[in-house]
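Peer 1: File start25.txt below, compact mmCIF, C-alpha atoms:
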```
# COMPACT_ATOMS: atom_id res chain seq x y z
CA MET A 1 -15.72 28.05 -30.83
CA CYS A 2 -12.44 28.82 -29.13
CA TYR A 3 -14.25 29.01 -25.77
CA ASP A 4 -15.94 25.66 -26.38
CA ASN A 5 -12.62 24.05 -27.27
CA LYS A 6 -11.02 25.37 -24.10
CA LYS A 7 -13.94 24.15 -22.02
CA GLN A 8 -13.80 20.73 -23.64
CA TYR A 9 -10.04 20.56 -23.11
CA LYS A 10 -10.46 21.50 -19.44
CA VAL A 11 -13.09 18.79 -18.90
CA GLN A 12 -10.94 16.21 -20.67
CA TYR A 13 -7.85 17.26 -18.69
CA MET A 14 -9.66 16.79 -15.37
CA LYS A 15 -11.06 13.46 -16.52
CA ASN A 16 -7.64 12.13 -17.49
CA HIS A 17 -5.60 13.63 -14.64
CA TYR A 18 -4.17 11.01 -12.28
CA LEU A 19 -5.59 12.78 -9.22
CA PHE A 20 -9.14 12.07 -10.37
CA SER A 21 -8.54 8.55 -11.66
CA GLN A 22 -9.60 6.88 -8.38
CA PRO A 23 -12.28 8.11 -5.99
CA HIS A 24 -10.17 8.15 -2.84
CA GLN A 25 -7.50 10.49 -4.19
CA PRO A 26 -9.30 13.86 -4.53
CA PHE A 27 -11.36 13.25 -1.39
CA PHE A 28 -8.31 12.45 0.76
CA LEU A 29 -6.49 15.48 -0.62
CA LEU A 30 -9.41 17.81 0.15
CA ALA A 31 -10.01 16.33 3.62
CA PHE A 32 -6.37 16.62 4.68
CA ILE A 33 -6.10 20.20 3.39
CA ASN A 34 -9.27 21.01 5.34
CA ALA A 35 -7.68 19.42 8.43
CA ILE A 36 -4.80 21.90 8.34
CA LEU A 37 -6.83 24.92 7.28
CA SER A 38 -9.66 24.27 9.73
CA MET A 39 -7.35 23.98 12.73
CA PHE A 40 -5.52 27.17 11.75
CA ILE A 41 -8.75 29.16 11.30
CA PHE A 42 -10.15 27.71 14.54
CA MET A 43 -7.08 28.98 16.36
CA LEU A 44 -7.56 32.47 14.88
CA LEU A 45 -11.25 32.50 15.85
CA PHE A 46 -10.70 31.06 19.33
CA LYS A 47 -7.95 33.53 20.17
CA GLY A 48 -9.93 36.45 18.77
CA LEU A 49 -7.22 37.21 16.21
CA VAL A 50 -9.97 37.24 13.57
CA ILE A 51 -13.26 38.93 14.37
CA SER A 52 -16.18 36.98 12.94
CA GLU A 53 -19.89 36.46 13.60
CA ILE A 54 -19.23 32.70 13.65
CA LEU A 55 -18.85 31.09 17.04
CA SER A 56 -15.49 29.31 17.11
CA LEU A 57 -16.99 26.15 18.66
CA ASN A 58 -19.59 25.94 15.87
CA TYR A 59 -16.81 26.25 13.35
CA HIS A 60 -14.62 23.71 15.12
CA ALA A 61 -17.22 20.94 15.35
CA TYR A 62 -18.64 21.36 11.86
CA SER A 63 -15.33 21.65 10.05
CA PHE A 64 -13.94 18.46 11.52
CA ILE A 65 -17.09 16.32 11.36
CA PHE A 66 -18.21 17.32 7.87
CA LEU A 67 -15.18 18.79 6.08
CA MET A 68 -12.48 16.41 7.31
CA PHE A 69 -13.90 13.11 8.56
CA THR A 70 -16.86 12.94 6.18
CA PRO A 71 -14.97 13.29 2.86
CA SER A 72 -12.17 11.10 4.24
CA PHE A 73 -14.44 8.16 4.92
CA ILE A 74 -16.50 8.76 1.80
CA ALA A 75 -13.18 8.37 -0.02
CA PHE A 76 -12.75 4.99 1.60
CA LEU A 77 -16.38 3.95 1.08
CA PHE A 78 -16.39 4.94 -2.59
CA THR A 79 -13.46 2.55 -3.00
CA THR A 80 -14.59 -0.35 -0.83
CA PHE A 81 -18.41 -0.23 -0.66
CA PRO A 82 -18.80 -1.58 -4.22
CA ARG A 83 -16.37 -4.39 -3.30
CA PHE A 84 -18.34 -5.18 -0.14
CA SER A 85 -21.44 -5.39 -2.35
CA ALA A 86 -19.88 -7.23 -5.32
CA THR A 87 -20.91 -4.48 -7.75
CA GLU A 88 -19.12 -2.42 -10.39
CA PRO A 89 -16.85 0.45 -9.25
CA ILE A 90 -18.44 3.89 -9.00
CA GLU A 91 -18.18 5.78 -12.28
CA GLN A 92 -15.82 8.75 -12.39
CA ASP A 93 -18.52 11.23 -13.42
CA LYS A 94 -20.55 10.33 -10.33
CA TYR A 95 -17.81 10.59 -7.71
CA MET A 96 -16.41 13.72 -9.35
CA MET A 97 -19.81 15.40 -9.06
CA ILE A 98 -19.80 14.67 -5.32
CA PHE A 99 -16.19 15.83 -4.99
CA LYS A 100 -16.88 19.14 -6.73
CA ALA A 101 -19.79 19.79 -4.36
CA PHE A 102 -17.58 19.07 -1.32
CA LEU A 103 -14.85 21.28 -2.77
CA GLY A 104 -17.25 24.16 -3.43
CA GLY A 105 -18.83 23.78 0.00
CA SER A 106 -15.42 23.77 1.68
CA ILE A 107 -14.30 26.92 -0.12
CA LEU A 108 -17.50 28.83 0.70
CA PHE A 109 -17.45 27.63 4.31
CA GLN A 110 -13.81 28.54 4.97
CA ILE A 111 -14.05 31.97 3.34
CA GLY A 112 -17.43 32.66 4.93
CA SER A 113 -16.22 31.74 8.41
CA ILE A 114 -14.10 34.89 8.34
CA PHE A 115 -15.89 37.26 5.99
CA SER A 116 -19.57 36.38 5.58
CA THR A 117 -22.26 34.48 7.47
CA LEU A 118 -24.14 34.09 4.18
CA LEU A 119 -21.18 32.36 2.46
CA PHE A 120 -20.63 30.28 5.61
CA SER A 121 -24.24 29.07 5.49
CA LEU A 122 -24.20 28.46 1.73
CA GLY A 123 -21.04 26.39 2.15
CA MET A 124 -22.75 24.20 4.74
CA ILE A 125 -25.82 23.76 2.54
CA LEU A 126 -23.72 22.80 -0.50
CA THR A 127 -21.72 20.35 1.64
CA LEU A 128 -25.01 18.86 2.91
CA PHE A 129 -26.09 18.22 -0.70
CA ALA A 130 -22.71 16.60 -1.39
CA HIS A 131 -23.18 14.41 1.69
CA LEU A 132 -26.71 13.52 0.52
CA GLY A 133 -25.47 12.71 -3.00
CA ALA A 134 -22.79 10.38 -1.62
CA THR A 135 -25.36 8.59 0.54
CA ILE A 136 -27.70 8.13 -2.45
CA ILE A 137 -24.86 6.55 -4.46
CA LEU A 138 -24.18 4.08 -1.64
CA LEU A 139 -27.89 3.34 -1.25
CA LYS A 140 -28.22 2.52 -4.96
CA ILE A 141 -25.26 0.15 -4.72
CA TYR A 142 -26.88 -1.53 -1.71
CA LYS A 143 -30.14 -2.01 -3.59
CA ILE A 144 -28.58 -3.59 -6.70
CA SER A 145 -26.20 -5.82 -4.73
CA ARG A 146 -27.13 -9.49 -4.79
CA MET A 147 -25.03 -10.36 -1.77
CA LYS A 148 -26.92 -12.44 0.78
CA ASP A 149 -25.23 -10.86 3.81
CA LYS A 150 -25.49 -7.07 3.55
CA GLU A 151 -25.60 -6.28 7.27
CA ASP A 152 -22.39 -4.21 7.25
CA GLN A 153 -23.61 -2.19 4.28
CA LEU A 154 -26.92 -1.60 6.07
CA TRP A 155 -25.18 -0.30 9.21
CA ILE A 156 -23.08 2.00 7.04
CA LEU A 157 -26.22 3.40 5.44
CA ILE A 158 -27.88 3.81 8.85
CA ALA A 159 -24.82 5.75 10.00
CA MET A 160 -24.93 7.91 6.87
CA GLY A 161 -28.60 8.60 7.60
CA PHE A 162 -27.72 9.80 11.10
CA GLY A 163 -24.96 11.87 9.51
CA LEU A 164 -27.42 13.62 7.21
CA PHE A 165 -29.74 14.29 10.16
CA SER A 166 -26.85 15.70 12.20
CA HIS A 167 -25.72 17.78 9.22
CA PHE A 168 -29.19 19.27 8.72
CA ILE A 169 -29.64 19.99 12.44
CA PHE A 170 -26.20 21.62 12.56
CA ILE A 171 -27.19 24.07 9.83
CA LEU A 172 -30.45 24.88 11.65
CA SER A 173 -28.52 25.39 14.90
CA ILE A 174 -26.98 28.56 13.46
CA TRP A 175 -30.40 30.14 13.93
CA LEU A 176 -31.63 27.80 16.70
CA PRO A 177 -28.64 27.43 19.07
CA THR A 178 -30.60 25.19 21.46
CA ILE A 179 -30.34 22.24 19.04
CA HIS A 180 -26.58 22.57 18.58
CA LEU A 181 -25.81 19.89 21.18
CA LEU A 182 -28.15 17.46 19.40
CA SER A 183 -26.21 17.82 16.16
CA ILE A 184 -22.87 17.23 17.91
CA GLU A 185 -24.02 14.18 19.90
CA VAL A 186 -25.67 12.53 16.89
CA GLY A 187 -22.74 13.45 14.63
CA ILE A 188 -20.13 11.91 16.93
CA TYR A 189 -21.85 8.88 18.43
CA LEU A 190 -24.51 7.81 15.93
CA TYR A 191 -22.84 8.94 12.71
CA LEU A 192 -19.07 8.81 12.84
CA PHE A 193 -18.71 6.12 15.49
CA ILE A 194 -21.17 3.68 13.89
CA LEU A 195 -19.74 4.35 10.43
CA ILE A 196 -16.08 3.95 11.38
CA PHE A 197 -16.63 1.06 13.78
CA THR A 198 -18.63 -0.85 11.15
CA VAL A 199 -15.88 -0.42 8.59
CA GLY A 200 -13.18 -1.11 11.18
CA GLN A 201 -14.68 -4.36 12.51
CA ARG A 202 -14.79 -5.64 8.94
CA MET A 203 -11.45 -4.44 7.59
CA ILE A 204 -9.03 -4.38 10.54
CA PRO A 205 -9.27 -8.13 11.32
CA PHE A 206 -8.90 -8.76 7.57
CA PHE A 207 -5.73 -6.66 7.44
CA SER A 208 -4.52 -8.53 10.54
CA HIS A 209 -5.11 -11.92 8.88
CA VAL A 210 -7.59 -12.81 11.60
CA THR A 211 -10.99 -14.33 10.98
CA ILE A 212 -13.64 -13.28 13.48
CA GLU A 213 -17.24 -14.26 13.91
CA LYS A 214 -19.16 -11.12 14.73
CA HIS A 215 -21.19 -11.16 17.93
CA LYS A 216 -24.23 -9.59 16.27
CA GLU A 217 -26.31 -9.29 19.44
CA ARG A 218 -23.53 -7.56 21.35
CA LEU A 219 -22.99 -5.16 18.47
CA LYS A 220 -26.70 -4.30 18.49
CA VAL A 221 -26.53 -3.66 22.23
CA ILE A 222 -23.56 -1.35 21.69
CA MET A 223 -25.46 0.57 19.01
CA GLY A 224 -28.48 0.85 21.32
CA LEU A 225 -26.33 2.15 24.17
CA LEU A 226 -24.91 4.80 21.88
CA GLY A 227 -28.44 6.04 21.28
CA LEU A 228 -29.12 5.99 25.03
CA HIS A 229 -25.93 8.00 25.62
CA VAL A 230 -27.17 10.70 23.24
CA ILE A 231 -30.61 10.84 24.88
CA LEU A 232 -29.18 11.12 28.40
CA GLU A 233 -26.73 13.86 27.42
CA LEU A 234 -29.55 15.84 25.83
CA ILE A 235 -31.63 15.53 29.01
CA GLU A 236 -28.82 16.37 31.42
CA SER A 237 -25.18 17.07 30.62
CA ASN A 238 -22.74 14.46 32.06
CA SER A 239 -25.60 12.11 33.01
CA SER A 240 -24.51 9.27 30.69
CA PHE A 241 -21.68 8.02 32.91
CA LEU A 242 -23.17 4.56 33.57
CA VAL A 243 -23.85 4.03 29.86
CA ASP A 244 -20.33 5.18 29.02
CA LEU A 245 -18.73 2.78 31.48
CA LEU A 246 -20.90 -0.06 30.17
CA LEU A 247 -19.88 0.80 26.59
CA ALA A 248 -16.23 0.72 27.66
CA TYR A 249 -16.72 -2.76 29.14
CA LEU A 250 -18.68 -4.22 26.20
CA VAL A 251 -16.34 -2.87 23.52
CA ALA A 252 -13.29 -4.06 25.47
CA LYS A 253 -14.89 -7.50 25.82
CA GLU A 254 -15.62 -7.62 22.10
CA LEU A 255 -12.09 -6.56 21.13
CA HIS A 256 -10.61 -9.13 23.51
CA ARG A 257 -12.71 -11.81 21.81
CA TRP A 258 -11.21 -10.90 18.42
CA LYS A 259 -7.71 -11.83 19.66
CA LEU A 260 -5.93 -9.38 17.39
CA PRO A 261 -2.18 -10.10 17.08
CA PHE A 262 -0.96 -7.14 19.12
CA PRO A 263 1.78 -6.06 19.50
CA ASN A 264 2.31 -6.46 15.77
CA PRO A 265 5.60 -5.86 13.95
CA ASN A 266 3.83 -4.19 11.00
CA PRO A 267 3.12 -0.48 11.66
CA LEU A 268 0.36 -0.48 9.02
CA VAL A 269 -1.45 -3.03 11.21
CA TRP A 270 -0.66 -1.99 14.78
CA ILE A 271 -1.75 1.61 14.15
CA LEU A 272 -5.23 0.26 13.38
CA HIS A 273 -5.17 -1.94 16.49
CA LEU A 274 -4.32 1.11 18.59
CA ALA A 275 -7.29 2.91 17.08
CA LEU A 276 -9.63 0.16 18.25
CA PHE A 277 -8.11 0.06 21.73
CA TRP A 278 -8.82 3.77 22.11
CA ILE A 279 -12.57 3.07 22.01
CA PRO A 280 -12.94 1.53 25.50
CA ILE A 281 -10.35 3.97 26.87
CA ALA A 282 -12.34 6.91 25.51
CA PHE A 283 -15.66 5.69 26.91
CA PHE A 284 -14.02 4.95 30.27
CA LEU A 285 -12.58 8.48 30.36
CA GLU A 286 -15.99 9.85 29.37
CA GLY A 287 -17.68 7.98 32.22
CA VAL A 288 -15.12 8.97 34.87
CA THR A 289 -14.97 12.64 33.86
CA ASN A 290 -18.77 12.80 33.77
CA ILE A 291 -18.92 11.54 37.36
CA ILE A 292 -16.29 14.07 38.46
CA ALA A 293 -18.04 16.89 36.58
CA LEU A 294 -21.37 16.06 38.23
CA THR A 295 -19.87 16.05 41.72
CA THR A 296 -17.38 18.93 41.45
CA ASN A 297 -18.59 21.03 38.47
CA ALA A 298 -15.15 20.63 36.89
CA ASN A 299 -14.95 21.44 33.18
CA PHE A 300 -13.04 18.79 31.22
CA LEU A 301 -13.58 20.51 27.85
CA SER A 302 -15.18 17.44 26.21
CA LEU A 303 -12.31 15.11 27.09
CA GLY A 304 -14.26 11.93 26.29
CA ILE A 305 -15.44 13.15 22.89
CA HIS A 306 -11.92 14.21 21.92
CA ALA A 307 -10.40 10.95 23.15
CA LEU A 308 -12.86 9.11 20.91
CA ALA A 309 -12.56 11.48 17.94
CA LEU A 310 -8.76 11.59 17.98
CA GLY A 311 -7.90 8.24 19.51
CA PHE A 312 -10.31 6.25 17.36
CA PHE A 313 -11.52 8.34 14.40
CA LEU A 314 -8.25 10.15 13.67
CA THR A 315 -6.00 7.13 14.23
CA VAL A 316 -8.16 5.03 11.88
CA LEU A 317 -8.11 7.86 9.35
CA ILE A 318 -4.32 8.08 9.34
CA GLY A 319 -3.97 4.29 9.24
CA PHE A 320 -6.56 3.70 6.51
CA GLY A 321 -5.52 6.80 4.58
CA THR A 322 -1.90 5.68 4.46
CA ARG A 323 -2.76 2.09 3.61
CA VAL A 324 -5.19 2.99 0.79
CA THR A 325 -2.84 5.62 -0.64
CA LEU A 326 0.04 3.15 -0.78
CA GLY A 327 -1.97 0.16 -1.94
CA HIS A 328 -3.78 1.92 -4.79
CA SER A 329 -0.74 3.67 -6.22
CA GLY A 330 1.48 0.68 -6.93
CA ASN A 331 3.75 1.46 -3.99
CA ILE A 332 5.07 -1.23 -1.68
CA MET A 333 2.65 -1.87 1.18
CA GLN A 334 5.26 -1.07 3.76
CA SER A 335 5.70 1.65 6.36
CA ASP A 336 8.99 3.52 6.07
CA ARG A 337 10.66 5.42 8.90
CA LEU A 338 8.77 8.69 8.35
CA THR A 339 5.41 6.93 8.10
CA THR A 340 6.09 5.01 11.31
CA ILE A 341 7.04 8.26 13.04
CA LEU A 342 3.75 9.77 11.84
CA PHE A 343 1.87 6.86 13.40
CA TYR A 344 3.57 7.50 16.74
CA TRP A 345 2.96 11.22 16.30
CA THR A 346 -0.77 10.55 15.93
CA GLN A 347 -0.75 9.21 19.48
CA ILE A 348 1.07 12.32 20.65
CA VAL A 349 -1.76 14.39 19.14
CA VAL A 350 -4.27 12.37 21.21
CA ALA A 351 -2.21 12.63 24.41
CA VAL A 352 -1.70 16.39 24.08
CA ARG A 353 -5.42 16.97 23.56
CA ILE A 354 -6.22 14.92 26.67
CA LEU A 355 -3.66 16.97 28.62
CA THR A 356 -5.35 20.14 27.34
CA SER A 357 -8.65 19.00 28.87
CA LEU A 358 -6.90 18.15 32.13
CA ALA A 359 -5.29 21.60 32.10
CA VAL A 360 -8.72 23.22 31.97
CA ALA A 361 -10.09 20.98 34.73
CA ASN A 362 -7.12 21.62 37.03
CA GLY A 363 -6.61 25.33 36.34
CA TRP A 364 -3.24 24.92 34.64
CA ASP A 365 -1.97 27.30 31.95
CA PHE A 366 -4.52 26.43 29.27
CA VAL A 367 -2.98 28.62 26.56
CA VAL A 368 0.26 26.63 26.54
CA PHE A 369 -1.55 23.32 26.05
CA PHE A 370 -3.97 24.80 23.52
CA ASP A 371 -1.12 26.14 21.39
CA LEU A 372 0.72 22.83 21.73
CA SER A 373 -2.35 20.86 20.59
CA ILE A 374 -2.70 23.10 17.53
CA THR A 375 0.99 22.71 16.71
CA VAL A 376 1.17 18.92 16.93
CA TRP A 377 -2.00 18.65 14.80
CA ILE A 378 -0.66 20.86 12.01
CA VAL A 379 2.71 19.07 12.10
CA LEU A 380 0.94 15.70 11.71
CA PHE A 381 -1.05 16.68 8.64
CA GLY A 382 1.73 18.81 7.22
CA LEU A 383 4.20 15.92 7.31
CA TRP A 384 1.60 13.42 6.05
CA GLY A 385 0.81 15.76 3.17
CA SER A 386 4.45 16.31 2.27
CA ARG A 387 4.91 12.54 2.08
CA PHE A 388 1.68 11.38 0.46
CA PHE A 389 0.18 14.31 -1.49
CA PRO A 390 2.58 13.63 -4.42
CA VAL A 391 1.34 10.02 -4.40
CA LEU A 392 -2.31 11.13 -4.49
CA ILE A 393 -1.74 13.83 -7.09
CA SER A 394 0.63 12.12 -9.52
CA GLY A 395 1.13 8.53 -8.38
CA LYS A 396 4.70 9.14 -7.22
CA LYS A 397 6.65 6.00 -6.39
CA LEU A 398 8.12 6.25 -2.93
CA THR A 399 11.49 4.98 -1.82
CA ASN A 400 11.44 3.43 1.63
CA ARG A 401 13.92 4.98 4.00
```
Now that the file is in, can you turn its structure into structure tokens?
Peer 2:
Amino acid sequence: MCYDNKKQYKVQYMKNHYLFSQPHQPFFLLAFINAILSMFIFMLLFKGLVISEILSLNYHAYSFIFLMFTPSFIAFLFTTFPRFSATEPIEQDKYMMIFKAFLGGSILFQIGSIFSTLLFSLGMILTLFAHLGATIILLKIYKISRMKDKEDQLWILIAMGFGLFSHFIFILSIWLPTIHLLSIEVGIYLYLFILIFTVGQRMIPFFSHVTIEKHKERLKVIMGLLGLHVILELIESNSSFLVDLLLAYLVAKELHRWKLPFPNPNPLVWILHLALFWIPIAFFLEGVTNIIALTTNANFLSLGIHALALGFFLTVLIGFGTRVTLGHSGNIMQSDRLTTILFYWTQIVVAVRILTSLAVANGWDFVVFFDLSITVWIVLFGLWGSRFFPVLISGKKLTNR
């Protein structure tokens, strides 16, 4: 009886705790902790300071695609997808079930990456089921929505489908290394890019008080070119340069058509504009470095992918994460000095990672740039956490300074 009472009290405590009162809060907290922990463990694995059966590059790609970006944007989708669809908010029991699966998968994965291949694999499988559960919740919302225009929701679900495929292939690639590249290409270009761009083209103009009419045909062409990029890279590494340059042009043309008010005096807005502008820059860099790599055999250490993942994905994550955390906690929707510094620091993270790739290509001292890229990353998430974790955990009211 005493055990049952304690169990009931524990369940009730979790249900009533502020941290779990809104879906974005526990997911953001977990994702940002994973961001710090994953980079630290990756450094240990890459430098050989920890001996493990896990390849450091496998760890690096999986941890950031599925343990950081995936729960981060599920946090946002669990908050906004019902609003997009004019349906009721997601019930706490449902999003908590998904969160617990992501939490358990993260713990098993991180511990297993150092101590046990079995735990590592079980963590990935549990995280895959969490990913699948989140997708099913969104699919059910899509089906019951009576909205006439559900194109954005459909693209989000298509992206989530690619994400599940990438996730499954990634797990198989532990035993079948030849399909590892497929999981990375699909995960970056057909999962995360389509997901984040779909959300961004809907929300960023809204936050900027700009009304845009989507060029649906151009967007479909962009999505098709992303698929062509993946196919070409699977056939021959660095062979997608023409597609990449065309993507840079089409996305730049589309962004120019939106006429976003940039430069903007509001940091909570211009950080999101910067994220969008990184898209054509990243594809241009991808195209140019692919041409150079084909002609000189230079190794740019995935410069284009990192420019896209950090310039676009990460910058959106920091911008959206900050905005949602402030807006859903009763805090003033305003960027204080520290938050603005963090936004600038995000761009330093991108620049340092690009310099790290250039260091490899030009034979500079790679270790210095590698250590610097690790440091600026951990500083970014450490400072963000020190500022906003109390808001996520307890609803702390911030004083702007």
Peer 1: Using all atoms listed in the file, can you tell me which of A:Val368, A:Ser335, A:Val349, A:Asp244 comes closest to A:Arg387?
Peer 2: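 Using all atoms listed in the file, A:Arg387 sits closest to A:Ser335.
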Peer 1: Quick one: pull the distance between atom CA of A:Tyr62 and atom CA of A:Glu91, Å, one decimal.
Peer 2: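 One can read the atom CA of A:Tyr62 to atom CA of A:Glu91 distance as 28.7 Å.
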Peer 1: Using all atoms listed in the file, pick whichever of A:Leu29, A:Val243, A:Asn362, A:His273 has the shortest atom-to-atom distance to A:Ala298.
Peer 2: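 Smallest separation from A:Ala298 among the options: A:Asn362.
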Peer 1: Can you tell me how far atom CA of A:Asp365 sits from atom CA of A:Ser302, in Å to one decimal?
Peer 2: 17.5 Å
Peer 1: My list of candidates is A:Gly104, A:Pro280, A:Pro390, A:Gly227. Which is closest to A:Ala307 when distances are computed with all atoms listed in the file?
Peer 2: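 Going through A:Gly104, A:Pro280, A:Pro390, A:Gly227 one by one, the smallest distance to A:Ala307 is for A:Pro280.
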Peer 1: Report as a Markdown table the residues of stretch 195-311 of chain A within 9 Å of stretch 351-356 of chain A, each with its shortest atom pair and distance in Å (one decimal), using all atoms listed in the file, ordered by chain and increasing residue number.
Peer 2:
```
| residue | atom | partner | partner_atom | distance |
| --- | --- | --- | --- | --- |
| A:Phe300 | CA | A:Thr356 | CA | 8.7 |
| A:Leu301 | CA | A:Thr356 | CA | 8.3 |
| A:Leu303 | CA | A:Ile354 | CA | 6.1 |
| A:Gly304 | CA | A:Ile354 | CA | 8.6 |
| A:His306 | CA | A:Arg353 | CA | 7.2 |
| A:Ala307 | CA | A:Ile354 | CA | 6.8 |
| A:Leu310 | CA | A:Arg353 | CA | 8.4 |
| A:Gly311 | CA | A:Ala351 | CA | 8.7 |
```
Peer 1: Which one is closest to A:Gln334: A:Ile136, A:Leu268, A:Ile196, A:Leu103? Count all atoms listed in the file.
Peer 2: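 For A:Gln334, the nearest of the candidates is A:Leu268.
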Peer 1: Counting all atoms listed in the file, what are the residues of stretch 284-368 of chain A within 12 Å of stretch 207-216 of chain A, and for each of them which pair of atoms is the nearest and at what distance in Å, to one decimal? Sort the table by chain and rising number, as a Markdown table.
Peer 2:
```
| residue | atom | partner | partner_atom | distance |
| --- | --- | --- | --- | --- |
| A:Gly319 | CA | A:Phe207 | CA | 11.2 |
| A:Phe320 | CA | A:Phe207 | CA | 10.4 |
| A:Arg323 | CA | A:Phe207 | CA | 10.0 |
| A:Val324 | CA | A:Phe207 | CA | 11.7 |
| A:Met333 | CA | A:Phe207 | CA | 11.5 |
```
Peer 1: How big is the axis-aligned box around all listed atoms of stretch 178-195 of chain A once 4 Å goes on each side, and where's its centre, in Å to one decimal, as AutoDock Vina command-line options?
Peer 2:
```
--center_x -24.7 --center_y 14.4 --center_z 15.9 --size_x 19.9 --size_y 29.5 --size_z 19.0
```
Peer 1: Give me the residues within 12 Å of A:Val316 as a compact mmCIF listing (two decimals) with C-alpha atoms, keeping the file's coordinate frame, counting all atoms listed in the file and dropping any in the same chain fewer than 5 places off.
Peer 2:
```
# COMPACT_ATOMS: atom_id res chain seq x y z
CA PHE A 69 -13.90 13.11 8.56
CA SER A 72 -12.17 11.10 4.24
CA PHE A 73 -14.44 8.16 4.92
CA PHE A 76 -12.75 4.99 1.60
CA LEU A 192 -19.07 8.81 12.84
CA PHE A 193 -18.71 6.12 15.49
CA LEU A 195 -19.74 4.35 10.43
CA ILE A 196 -16.08 3.95 11.38
CA PHE A 197 -16.63 1.06 13.78
CA VAL A 199 -15.88 -0.42 8.59
CA GLY A 200 -13.18 -1.11 11.18
CA GLN A 201 -14.68 -4.36 12.51
CA MET A 203 -11.45 -4.44 7.59
CA ILE A 204 -9.03 -4.38 10.54
CA LEU A 268 0.36 -0.48 9.02
CA VAL A 269 -1.45 -3.03 11.21
CA TRP A 270 -0.66 -1.99 14.78
CA ILE A 271 -1.75 1.61 14.15
CA LEU A 272 -5.23 0.26 13.38
CA HIS A 273 -5.17 -1.94 16.49
CA LEU A 274 -4.32 1.11 18.59
CA ALA A 275 -7.29 2.91 17.08
CA LEU A 276 -9.63 0.16 18.25
CA PHE A 277 -8.11 0.06 21.73
CA TRP A 278 -8.82 3.77 22.11
CA ILE A 279 -12.57 3.07 22.01
CA LEU A 308 -12.86 9.11 20.91
CA ALA A 309 -12.56 11.48 17.94
CA LEU A 310 -8.76 11.59 17.98
CA GLY A 311 -7.90 8.24 19.51
CA GLY A 321 -5.52 6.80 4.58
CA THR A 322 -1.90 5.68 4.46
CA ARG A 323 -2.76 2.09 3.61
CA VAL A 324 -5.19 2.99 0.79
CA PHE A 343 1.87 6.86 13.40
CA THR A 346 -0.77 10.55 15.93
CA GLN A 347 -0.75 9.21 19.48
```
Peer 1: For a quick check of understanding, using only C-alpha atoms, which of A:Phe389, A:Phe370, A:Val379, A:Ile114 has the smallest distance to A:Lys47?
Peer 2: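 Distance minimum relative to A:Lys47 lands on A:Phe370.
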Peer 1: Could you list, as a VMD selection string, every residue within 10 Å of A:Thr80, counting only C-alpha atoms and ignoring same-chain residues fewer than 3 positions away?
Peer 2: chain A and resid 24 74 to 77 83 to 86 89 to 90 199 203
Peer 1: Using only C-alpha atoms, can you tell me which of A:Leu358, A:Leu119, A:Ala134, A:Ala248 comes closest to A:Leu164?
Peer 2: A:Ala134
Peer 1: Select all residues near (13.7, 7.9, 8.7) (cut-off 12 Å, inclusive, file coordinates), counting all atoms listed in the file, and output them as a ChimeraX atom specification.
Peer 2: /A:335-342,387,399-401
Peer 1: To one decimal place in Å, what is the distance between atom CA of A:His229 and atom CA of A:Tyr189?
Peer 2: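 Value for the atom CA of A:His229-atom CA of A:Tyr189 distance: 8.3 Å.
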Peer 1: Can you pull out the residues contacting A:Thr325? Cut-off 9 Å, using all atoms listed in the file, and skip same-chain residues under 5 positions away; I want them as a list in words.
Peer 2: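 Skipping anything fewer than 5 positions along the chain leaves His24, Gln25, Phe28, Phe320, Asn331, Phe388, Val391 and Leu392 of chain A.
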Peer 1: Using only C-alpha atoms, which protein or nucleic acid residues come within 12 Å of A:Ile378? Drop anything in the same chain fewer than 2 positions from it, and give the result as a VMD selection string.
Peer 2: chain A and resid 32 to 43 342 345 to 346 349 371 to 376 380 to 386
Peer 1: Under the rule of at most 10 Å, produce a per-residue listing of stretch 195-266 of chain A near stretch 165-186 of chain A: chain, number, name, the closest pair of atoms, and the distance in Å, as CSV, using all atoms listed in the file.
Peer 2:
```
residue,atom,partner,partner_atom,distance
A:Leu226,CA,A:Val186,CA,9.2
A:Gly227,CA,A:Val186,CA,8.3
A:His229,CA,A:Glu185,CA,8.6
A:Val230,CA,A:Glu185,CA,5.8
A:Ile231,CA,A:Glu185,CA,8.9
A:Glu233,CA,A:Glu185,CA,8.0
A:Leu234,CA,A:Leu182,CA,6.8
A:Ser237,CA,A:Leu181,CA,9.9
```
